[in-house]
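Colleague: Sharing a structure with you now.
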Protein chains: 2
Amino acid sequence: MKHQNDNIRPVIWQSNQLHLLDQRKLPDKETMMVLEKAPDVTQAIKDMVVRGAPAIGITAAYGVVLAAHTAYAADPDNWQTLIETDLQQLAQARPTAVNLVWALQRMRACFATITGNPISSLLKEADLILQEDIEANYQMGEVGAALLPQDCRVLTHCNAGALATGGYGTALGVIRHGYAAGKISQVYADETRPWLQGARLTAWELLQDNIPVTLLADSAAAALMQQKRVDWIIVGSDRITANGDVANKIGTYSLAVLARQHGVKFMVVAPTSTIDMNLDSGDKIVIEERSNTEILTKAAQGAKAWNPSFDVTPAALVDVIITEKGVLKQPSTKSLLALMN
Amino acid sequence: MKHQNDNIRPVIWQSNQLHLLDQRKLPDKETMMVLEKAPDVTQAIKDMVVRGAPAIGITAAYGVVLAAHTAYAADPDNWQTLIETDLQQLAQARPTAVNLVWALQRMRACFATITGNPISSLLKEADLILQEDIEANYQMGEVGAALLPQDCRVLTHCNAGALATGGYGTALGVIRHGYAAGKISQVYADETRPWLQGARLTAWELLQDNIPVTLLADSAAAALMQQKRVDWIIVGSDRITANGDVANKIGTYSLAVLARQHGVKFMVVAPTSTIDMNLDSGDKIVIEERSNTEILTKAAQGAKAWNPSFDVTPAALVDVIITEKGVLKQPSTKSLLALMN
C-alpha cells in the first residue's frame, strides 16, 4: 500500500548489504552509507548515521543478519556462539531507546528453530520488523490524525518521521496523514538543539513531501503557546515505561509542562516496540548524555556543559499515546497492561 | 569603587570616539569597533555589535554626543535642528528595549540649557548615564545576592552581564556578588538560541572573571528543574511595564512557567531605566522579530521560520524584581507606581 507524502526510506537492505541514509549529512547531502559488518552497524548507530528509536531497532535487526553472515562463514556449527560479541555491542550502541533491545530479542528468538545457513531466516525476520514498523506508522497516522480538529495547528519536536523509523514516521506519520486529509493548517517544528534534528531532518523530510513547515528556536515554543498559535503538540518516543512515562528528545518534557499550562493537547505516537513493560516508571530509564562538544562548539573556552539527550515526561502530562495496537487516553499502568497483554 | 569579578567594559569613550567591544565576534576575538558618526552607532546597535538593554541605552547616549559634534560643526546655530535625523534613527535602531528611548530622552533634556558648543555638556551626561548604570549594577548585585540562600544553584538565560550594561551586569551582577560572597555553588547558563548569547557571551565573561559556568541547551532547563538541580533563575529585562510584566530574551517566559511549576524562584534584575510606566501591560510591547537566517542557517532549504527575539513574562510569574531603587516582591502596578514616584 502506498500512502500520500511517503517517499523516504532511511534503512534499506540491498544486494546483501545494509544501506543507511547518512543523517549527519542532511539536509546538505543525501548519501547512503553501505555496511557489510555488524561492528560497523554498531558504530553507525553510535555516530548517529541513523537515529530515531524505531529506525535504530530496524538497523540493529539487519546488523544481526550481517553478524550471522560473518559468524556462519567463520564456523557454520558455532555461529550462534560466535555471534554473541556482535549482539552485545549492538545492544549497547545507545542506551535510551528500548526498540534496539526489542529488535535484538526478536531476532534472537529465531535462532532456536534455525538449522543450516541462518541468513535467509534472519533476513526474513529483519524485513518483517521493517515492514511491520511501516505498517504500524500508517495505522498510527490514521488513528492519530482522526483525533485532530479541523484547521489544526501542530508543533513537533526533534524528528519522529520517516527518518526515525522504517518509513512514514510516528509523529510525522500523524502529521502526514492529517495534512493529506486537509485537517492540518500549520506545521511548526522546534529546531531541536543541539543536533538540530528539527531544522535539519524534520524540515527536510516534510519539504520532500511538499508539507510546508515553520521552524522556531526551542525556547520560543512557550511564546507560540502563549499567543494561542498551536493546538496540538505531537512527538515520538524512545521508551515508554509501564506507567506511561515517556522518554523522548531533550525538550519534550518542557513542551509537555507548557502545553498543560496553556490548554494545548499533547500526543505521543510510538509503536508498541517502544513500550518497556519491564520498567515501572520513567525515573528508571538510562538517559544518554552525549558529547559536550555538541553544546560547546561556539562557546567560550573553559565552559562546561550538561548535555542530556533525552528527558522523561510523566504520564500525567500526556493526553494520548497512539500505538498500532490502540489509543491510550490519559495513559496509566492499567491501560498499558491491558494494551500489551 | 572597584568590585570583585568586574573586569569588562563593553562601551568606552576615548579620544572623542566611541569604542564598542564587538560582541558578534566573541568569544573568538576581542575587537573594539571605533565609531565617530551617529549613523554608524545606529547601525552598530542594529547589527548587535552592542546588545543588552542598558548597554544599548548607554551607547545611544554617546551616539548623541557624536551627532551633536557633527551637527555643531555643520551649523553652530542650528545644531539642535540638524541633530534630529540622527536622534530619530538612534531611537528606531531596535524596538523592544526601552532603555534606548530613556537614554535619548535624558540626553535631549539637556539641550534646553546648553549654550555654545554642546559637546562637553552632552559628554558629561552620557558619562553620567554610564557611571550611574554601573553603580546601579553594584547595588542590585548586593541586594539581589542577599536574597539567595547559601549553596545556591542558579540558572541564567541570554546575557544580562557586564556586556549588556555599562559593566558588572544586572543578572550577572547578582551572580558575581553572590559568587564572591560564597553563596553560589553552581552557575548554569542556557546557551540561548539563536544568537547563543549564553554560550558565547555569558560563558566568556564569567570565565574572564574566574566564575565556572555550565552551559545547557535551552530546552534542557526543564529537566534541570525536574531533577532539582537549580534553586533560582536570575535574568535581566529589556522592558518592564507598569504592571510588572517583563519582556526579555525569547525563552525567558518558558523558564518562568517552568520555574513556578517546579518551585524554583524567579528573579528579574533591571535598573529603573528598563521600567516603562507608559505601557500598562506587556502585551503592548513591540516584540522585535529578527532575521530568519538566524534559525535557517543549517535548516533544510525551503523551510520558513518564526524568530521573535523576546517574549513577555507576566508579573504573576515573577517572584522578585531587583532595581537600584528597591526590591519588588510579587510586583504589581501598585508597587511599581510606589517605586517610580
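All residue names refer to the C-alpha cells as shown: chains lettered A, B, ... in order, residues numbered from 1 in each chain, ligands numbered from 1 in order.
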If you take only C-alpha atoms and a cut-off of 9 Å, which residues of range 203-300 of chain B touch range 102-117 of chain B, and what are their nearest atom pairs and distances in Å to one decimal, in chain and number order, as a Markdown table?
Modeller:
| residue | atom | partner | partner_atom | distance |
| --- | --- | --- | --- | --- |
| B:Ser273 | CA | B:Trp102 | CA | 6.4 |
| B:Thr274 | CA | B:Trp102 | CA | 8.1 |
| B:Asp276 | CA | B:Trp102 | CA | 8.8 |
Colleague: Keeping only N, CA and C atoms, write those residues as a PDB file, in the first residue's frame.
Modeller:
ATOM      1  N   SER B 273      15.782  52.339  34.553  1.00  0.00           N
ATOM      2  CA  SER B 273      15.748  52.796  33.153  1.00  0.00           C
ATOM      3  C   SER B 273      15.074  51.766  32.247  1.00  0.00           C
ATOM      4  N   THR B 274      14.861  50.568  32.744  1.00  0.00           N
ATOM      5  CA  THR B 274      14.203  49.497  31.991  1.00  0.00           C
ATOM      6  C   THR B 274      12.689  49.514  32.201  1.00  0.00           C
ATOM      7  N   ASP B 276       9.036  50.886  32.003  1.00  0.00           N
ATOM      8  CA  ASP B 276       8.261  51.755  31.116  1.00  0.00           C
ATOM      9  C   ASP B 276       6.867  51.947  31.711  1.00  0.00           C
TER      10      ASP B 276
END
Colleague: I'd like to know which residues of range 3-239 of chain A are strand (DSSP E) (by DSSP, run on the backbone); could you write them as a PDB file with N, CA, C and O atoms, in the first residue's frame?
Modeller:
ATOM      1  N   VAL A  11      16.489   3.152   5.920  1.00  0.00           N
ATOM      2  CA  VAL A  11      17.198   1.878   6.127  1.00  0.00           C
ATOM      3  C   VAL A  11      16.779   0.915   5.018  1.00  0.00           C
ATOM      4  O   VAL A  11      15.604   0.546   4.926  1.00  0.00           O
ATOM      5  N   ILE A  12      17.724   0.533   4.182  1.00  0.00           N
ATOM      6  CA  ILE A  12      17.401  -0.311   3.021  1.00  0.00           C
ATOM      7  C   ILE A  12      18.364  -1.492   2.965  1.00  0.00           C
ATOM      8  O   ILE A  12      19.589  -1.320   3.092  1.00  0.00           O
ATOM      9  N   TRP A  13      17.830  -2.695   2.782  1.00  0.00           N
ATOM     10  CA  TRP A  13      18.663  -3.881   2.563  1.00  0.00           C
ATOM     11  C   TRP A  13      18.692  -4.160   1.066  1.00  0.00           C
ATOM     12  O   TRP A  13      17.654  -4.302   0.437  1.00  0.00           O
ATOM     13  N   GLN A  14      19.891  -4.242   0.514  1.00  0.00           N
ATOM     14  CA  GLN A  14      20.015  -4.397  -0.933  1.00  0.00           C
ATOM     15  C   GLN A  14      21.328  -5.114  -1.235  1.00  0.00           C
ATOM     16  O   GLN A  14      22.371  -4.749  -0.665  1.00  0.00           O
ATOM     17  N   GLN A  17      23.685  -6.084   1.470  1.00  0.00           N
ATOM     18  CA  GLN A  17      24.332  -5.004   2.220  1.00  0.00           C
ATOM     19  C   GLN A  17      23.259  -4.147   2.886  1.00  0.00           C
ATOM     20  O   GLN A  17      22.134  -4.036   2.388  1.00  0.00           O
ATOM     21  N   LEU A  18      23.665  -3.522   3.988  1.00  0.00           N
ATOM     22  CA  LEU A  18      22.767  -2.589   4.669  1.00  0.00           C
ATOM     23  C   LEU A  18      23.103  -1.164   4.222  1.00  0.00           C
ATOM     24  O   LEU A  18      24.241  -0.712   4.375  1.00  0.00           O
ATOM     25  N   HIS A  19      22.099  -0.485   3.683  1.00  0.00           N
ATOM     26  CA  HIS A  19      22.291   0.885   3.200  1.00  0.00           C
ATOM     27  C   HIS A  19      21.580   1.836   4.164  1.00  0.00           C
ATOM     28  O   HIS A  19      20.374   1.710   4.375  1.00  0.00           O
ATOM     29  N   LEU A  20      22.351   2.761   4.724  1.00  0.00           N
ATOM     30  CA  LEU A  20      21.766   3.750   5.648  1.00  0.00           C
ATOM     31  C   LEU A  20      21.902   5.150   5.061  1.00  0.00           C
ATOM     32  O   LEU A  20      22.990   5.547   4.643  1.00  0.00           O
ATOM     33  N   LEU A  21      20.807   5.882   5.058  1.00  0.00           N
ATOM     34  CA  LEU A  21      20.863   7.291   4.660  1.00  0.00           C
ATOM     35  C   LEU A  21      21.607   8.040   5.773  1.00  0.00           C
ATOM     36  O   LEU A  21      21.173   8.036   6.929  1.00  0.00           O
ATOM     37  N   MET A  32      24.173   7.565   0.941  1.00  0.00           N
ATOM     38  CA  MET A  32      23.905   6.285   1.568  1.00  0.00           C
ATOM     39  C   MET A  32      25.227   5.700   2.055  1.00  0.00           C
ATOM     40  O   MET A  32      26.213   5.658   1.309  1.00  0.00           O
ATOM     41  N   MET A  33      25.246   5.262   3.315  1.00  0.00           N
ATOM     42  CA  MET A  33      26.409   4.549   3.828  1.00  0.00           C
ATOM     43  C   MET A  33      26.116   3.054   3.673  1.00  0.00           C
ATOM     44  O   MET A  33      25.049   2.589   4.068  1.00  0.00           O
ATOM     45  N   VAL A  34      27.061   2.317   3.095  1.00  0.00           N
ATOM     46  CA  VAL A  34      26.844   0.893   2.827  1.00  0.00           C
ATOM     47  C   VAL A  34      27.665   0.062   3.810  1.00  0.00           C
ATOM     48  O   VAL A  34      28.883   0.256   3.919  1.00  0.00           O
ATOM     49  N   LEU A  35      26.991  -0.840   4.528  1.00  0.00           N
ATOM     50  CA  LEU A  35      27.654  -1.593   5.596  1.00  0.00           C
ATOM     51  C   LEU A  35      27.558  -3.088   5.347  1.00  0.00           C
ATOM     52  O   LEU A  35      26.531  -3.597   4.906  1.00  0.00           O
ATOM     53  N   CYS A 152      -6.231  22.295  12.277  1.00  0.00           N
ATOM     54  CA  CYS A 152      -5.368  22.109  13.435  1.00  0.00           C
ATOM     55  C   CYS A 152      -3.970  22.667  13.157  1.00  0.00           C
ATOM     56  O   CYS A 152      -3.409  22.510  12.077  1.00  0.00           O
ATOM     57  N   ARG A 153      -3.411  23.332  14.175  1.00  0.00           N
ATOM     58  CA  ARG A 153      -2.033  23.825  14.094  1.00  0.00           C
ATOM     59  C   ARG A 153      -1.195  22.981  15.043  1.00  0.00           C
ATOM     60  O   ARG A 153      -1.508  22.887  16.232  1.00  0.00           O
ATOM     61  N   VAL A 154      -0.179  22.335  14.488  1.00  0.00           N
ATOM     62  CA  VAL A 154       0.582  21.372  15.280  1.00  0.00           C
ATOM     63  C   VAL A 154       2.044  21.809  15.425  1.00  0.00           C
ATOM     64  O   VAL A 154       2.583  22.524  14.574  1.00  0.00           O
ATOM     65  N   LEU A 155       2.637  21.383  16.510  1.00  0.00           N
ATOM     66  CA  LEU A 155       4.068  21.605  16.763  1.00  0.00           C
ATOM     67  C   LEU A 155       4.700  20.248  17.037  1.00  0.00           C
ATOM     68  O   LEU A 155       4.171  19.459  17.823  1.00  0.00           O
ATOM     69  N   THR A 156       5.825  19.970  16.378  1.00  0.00           N
ATOM     70  CA  THR A 156       6.547  18.745  16.691  1.00  0.00           C
ATOM     71  C   THR A 156       7.963  19.097  17.137  1.00  0.00           C
ATOM     72  O   THR A 156       8.424  20.234  16.955  1.00  0.00           O
ATOM     73  N   ILE A 184      -4.814  19.679   8.850  1.00  0.00           N
ATOM     74  CA  ILE A 184      -3.730  20.463   9.470  1.00  0.00           C
ATOM     75  C   ILE A 184      -3.451  21.717   8.648  1.00  0.00           C
ATOM     76  O   ILE A 184      -3.147  21.632   7.458  1.00  0.00           O
ATOM     77  N   SER A 185      -3.565  22.866   9.293  1.00  0.00           N
ATOM     78  CA  SER A 185      -3.355  24.125   8.573  1.00  0.00           C
ATOM     79  C   SER A 185      -1.957  24.704   8.778  1.00  0.00           C
ATOM     80  O   SER A 185      -1.534  25.583   8.040  1.00  0.00           O
ATOM     81  N   GLN A 186      -1.244  24.206   9.786  1.00  0.00           N
ATOM     82  CA  GLN A 186       0.068  24.793  10.083  1.00  0.00           C
ATOM     83  C   GLN A 186       0.919  23.770  10.810  1.00  0.00           C
ATOM     84  O   GLN A 186       0.471  23.181  11.797  1.00  0.00           O
ATOM     85  N   VAL A 187       2.139  23.558  10.302  1.00  0.00           N
ATOM     86  CA  VAL A 187       3.085  22.672  10.985  1.00  0.00           C
ATOM     87  C   VAL A 187       4.270  23.499  11.483  1.00  0.00           C
ATOM     88  O   VAL A 187       4.981  24.121  10.689  1.00  0.00           O
ATOM     89  N   TYR A 188       4.453  23.522  12.784  1.00  0.00           N
ATOM     90  CA  TYR A 188       5.645  24.115  13.396  1.00  0.00           C
ATOM     91  C   TYR A 188       6.588  23.002  13.827  1.00  0.00           C
ATOM     92  O   TYR A 188       6.134  21.927  14.227  1.00  0.00           O
ATOM     93  N   ALA A 189       7.874  23.270  13.749  1.00  0.00           N
ATOM     94  CA  ALA A 189       8.854  22.309  14.257  1.00  0.00           C
ATOM     95  C   ALA A 189       9.927  23.049  15.043  1.00  0.00           C
ATOM     96  O   ALA A 189      10.496  24.032  14.558  1.00  0.00           O
ATOM     97  N   ASP A 190      10.192  22.577  16.256  1.00  0.00           N
ATOM     98  CA  ASP A 190      11.327  23.103  17.027  1.00  0.00           C
ATOM     99  C   ASP A 190      12.621  22.753  16.298  1.00  0.00           C
ATOM    100  O   ASP A 190      12.765  21.633  15.802  1.00  0.00           O
ATOM    101  N   THR A 214       7.299  25.544   9.480  1.00  0.00           N
ATOM    102  CA  THR A 214       7.888  26.743  10.066  1.00  0.00           C
ATOM    103  C   THR A 214       8.704  26.345  11.283  1.00  0.00           C
ATOM    104  O   THR A 214       8.176  25.749  12.222  1.00  0.00           O
ATOM    105  N   LEU A 215       9.983  26.676  11.245  1.00  0.00           N
ATOM    106  CA  LEU A 215      10.892  26.345  12.343  1.00  0.00           C
ATOM    107  C   LEU A 215      10.927  27.446  13.391  1.00  0.00           C
ATOM    108  O   LEU A 215      10.733  28.620  13.068  1.00  0.00           O
ATOM    109  N   LEU A 216      11.192  27.054  14.619  1.00  0.00           N
ATOM    110  CA  LEU A 216      11.407  28.040  15.669  1.00  0.00           C
ATOM    111  C   LEU A 216      12.460  27.538  16.639  1.00  0.00           C
ATOM    112  O   LEU A 216      12.690  26.327  16.739  1.00  0.00           O
ATOM    113  N   TRP A 232      -2.073  21.346  18.997  1.00  0.00           N
ATOM    114  CA  TRP A 232      -1.582  20.032  19.442  1.00  0.00           C
ATOM    115  C   TRP A 232      -0.067  19.990  19.336  1.00  0.00           C
ATOM    116  O   TRP A 232       0.507  20.459  18.344  1.00  0.00           O
ATOM    117  N   ILE A 233       0.556  19.386  20.333  1.00  0.00           N
ATOM    118  CA  ILE A 233       1.969  19.021  20.228  1.00  0.00           C
ATOM    119  C   ILE A 233       2.008  17.522  19.965  1.00  0.00           C
ATOM    120  O   ILE A 233       1.322  16.747  20.648  1.00  0.00           O
ATOM    121  N   ILE A 234       2.762  17.127  18.953  1.00  0.00           N
ATOM    122  CA  ILE A 234       2.812  15.720  18.543  1.00  0.00           C
ATOM    123  C   ILE A 234       4.277  15.292  18.480  1.00  0.00           C
ATOM    124  O   ILE A 234       5.063  15.862  17.725  1.00  0.00           O
ATOM    125  N   VAL A 235       4.626  14.302  19.303  1.00  0.00           N
ATOM    126  CA  VAL A 235       6.023  13.854  19.367  1.00  0.00           C
ATOM    127  C   VAL A 235       6.097  12.335  19.318  1.00  0.00           C
ATOM    128  O   VAL A 235       5.088  11.643  19.476  1.00  0.00           O
ATOM    129  N   ARG A 239      11.296   5.560  24.643  1.00  0.00           N
ATOM    130  CA  ARG A 239      10.920   4.483  25.567  1.00  0.00           C
ATOM    131  C   ARG A 239       9.727   4.956  26.385  1.00  0.00           C
ATOM    132  O   ARG A 239       9.726   6.063  26.919  1.00  0.00           O
TER     133      ARG A 239
END
Colleague: Should the cut-off be 6 Å, what would the residue list for chain B against chain A look like, counting only C-alpha atoms, as a ChimeraX atom specification?
Modeller: /B:27,199-200,203-204,213-216,219-220,222,250-251,254,299-300,303-306
Colleague: So how far away is CA of Ala145 in chain A from CA of Leu172 in chain A, in Å?
Modeller: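 CA of Leu172 in chain A sits 10.3 Å away from CA of Ala145 in chain A.
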Colleague: Looking at only C-alpha atoms, which of B:Gly57, B:Gly169, B:Gly236, B:Gly178 is the one that sits closest to Asp127 in chain B?
Modeller: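 Checking each candidate against Asp127 in chain B, we get B:Gly57 as the closest.
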Colleague: What is the distance between CA of Trp79 in chain A and CA of Asp47 in chain A, in Å to one decimal?
Modeller: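 Taking CA of Trp79 in chain A and CA of Asp47 in chain A, their separation equals 27.4 Å.
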Colleague: Quote the spacing between CA of Arg24 in chain A and CA of Gly161 in chain A in Å to one decimal place.
Modeller: 15.3 Å
Colleague: Choose the residue, out of A:Ile275, A:Ala160, A:Val41, A:Ile322, that has the smallest atom-to-atom separation from Ile58 in chain A; count only C-alpha atoms.
Modeller: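 When distances to Ile58 in chain A are compared using only C-alpha atoms, the smallest one comes from A:Val41.
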Colleague: To test your reading of the structure, identify every residue in range 3-207 of chain B that backbone DSSP assigns to helix (DSSP H, G or I), and report it as an MDAnalysis selection string.
Modeller: chainID B and resid 38:46 53:74 79:82 84:91 99:111 119:146 162:164 171:180 197:207
Colleague: Neighbours of Lys37 in chain A within 10 Å (only C-alpha atoms; same-chain residues fewer than 2 positions away dropped), as a ChimeraX atom specification?
Modeller: /A:17-18,34-35,39-42,63-70,86
Colleague: Excluding Val318 in chain B and its own-chain neighbours fewer than 5 positions away, which residues fall within 9 Å of it when counting only C-alpha atoms? Please give them as a list in words.
Modeller: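 Non-adjacent residues within range: Gly244, Asp245, Val246, Ala256, Arg260, Lys265, Phe266, Met267, Val268, Thr313, Lys329, Gln330 and Pro331 of chain B.
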Colleague: Excluding Lys46 in chain B and any residue of its chain fewer than 4 positions from it, enumerate the residues within 10 Å of it, using only C-alpha atoms, and give them as a list in words.
Modeller: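 Residues meeting the cut-off are Asp40, Val41, Thr42, Val50, Arg51, Ile56, Leu90, Gln92, Ala93, Arg94 and Pro95 of chain B.
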Colleague: Extract, using only C-alpha atoms, all DNA, RNA and protein residues at most 9 Å from Gln131 in chain A, discarding same-chain residues fewer than 5 positions from it, and format them as a list in words.
Modeller: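 Neighbouring residues, sequence-local ones excluded: Ala126, Ala136, Gly166 and Gly167 of chain A.
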Colleague: Those residues you just picked out, can you put them in a file as a CSV table (one decimal), in the first residue's frame with all heavy atoms?
Modeller:
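So part07.csv came out as:
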chain,number,residue,atom,x,y,z
A,126,ALA,N,14.2,-9.7,9.8
A,126,ALA,CA,14.5,-8.2,9.8
A,126,ALA,C,13.6,-7.5,8.8
A,126,ALA,O,13.1,-6.4,9.1
A,126,ALA,CB,16.0,-8.1,9.4
A,136,ALA,N,2.7,-0.1,10.9
A,136,ALA,CA,2.3,0.5,12.2
A,136,ALA,C,2.2,2.0,12.1
A,136,ALA,O,1.2,2.6,12.6
A,136,ALA,CB,3.2,0.1,13.3
A,166,GLY,N,11.0,3.0,10.0
A,166,GLY,CA,11.2,2.3,8.7
A,166,GLY,C,10.8,3.2,7.6
A,166,GLY,O,11.3,3.2,6.5
A,167,GLY,N,9.8,4.0,7.8
A,167,GLY,CA,9.3,5.0,6.8
A,167,GLY,C,8.0,5.6,7.3
A,167,GLY,O,7.4,5.1,8.3
Colleague: So that I can check the surroundings of Pro271 in chain A, please list as a list of chain:residue names every protein, DNA and RNA residue that reaches within 8 Å of it, counting only C-alpha atoms and ignoring chain neighbours fewer than 5 positions away.
Modeller: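 In the requested form, the answer reads A:Asp133, A:Ala136, A:Asn137, A:Thr170, A:Ile322, A:Thr323, A:Glu324.
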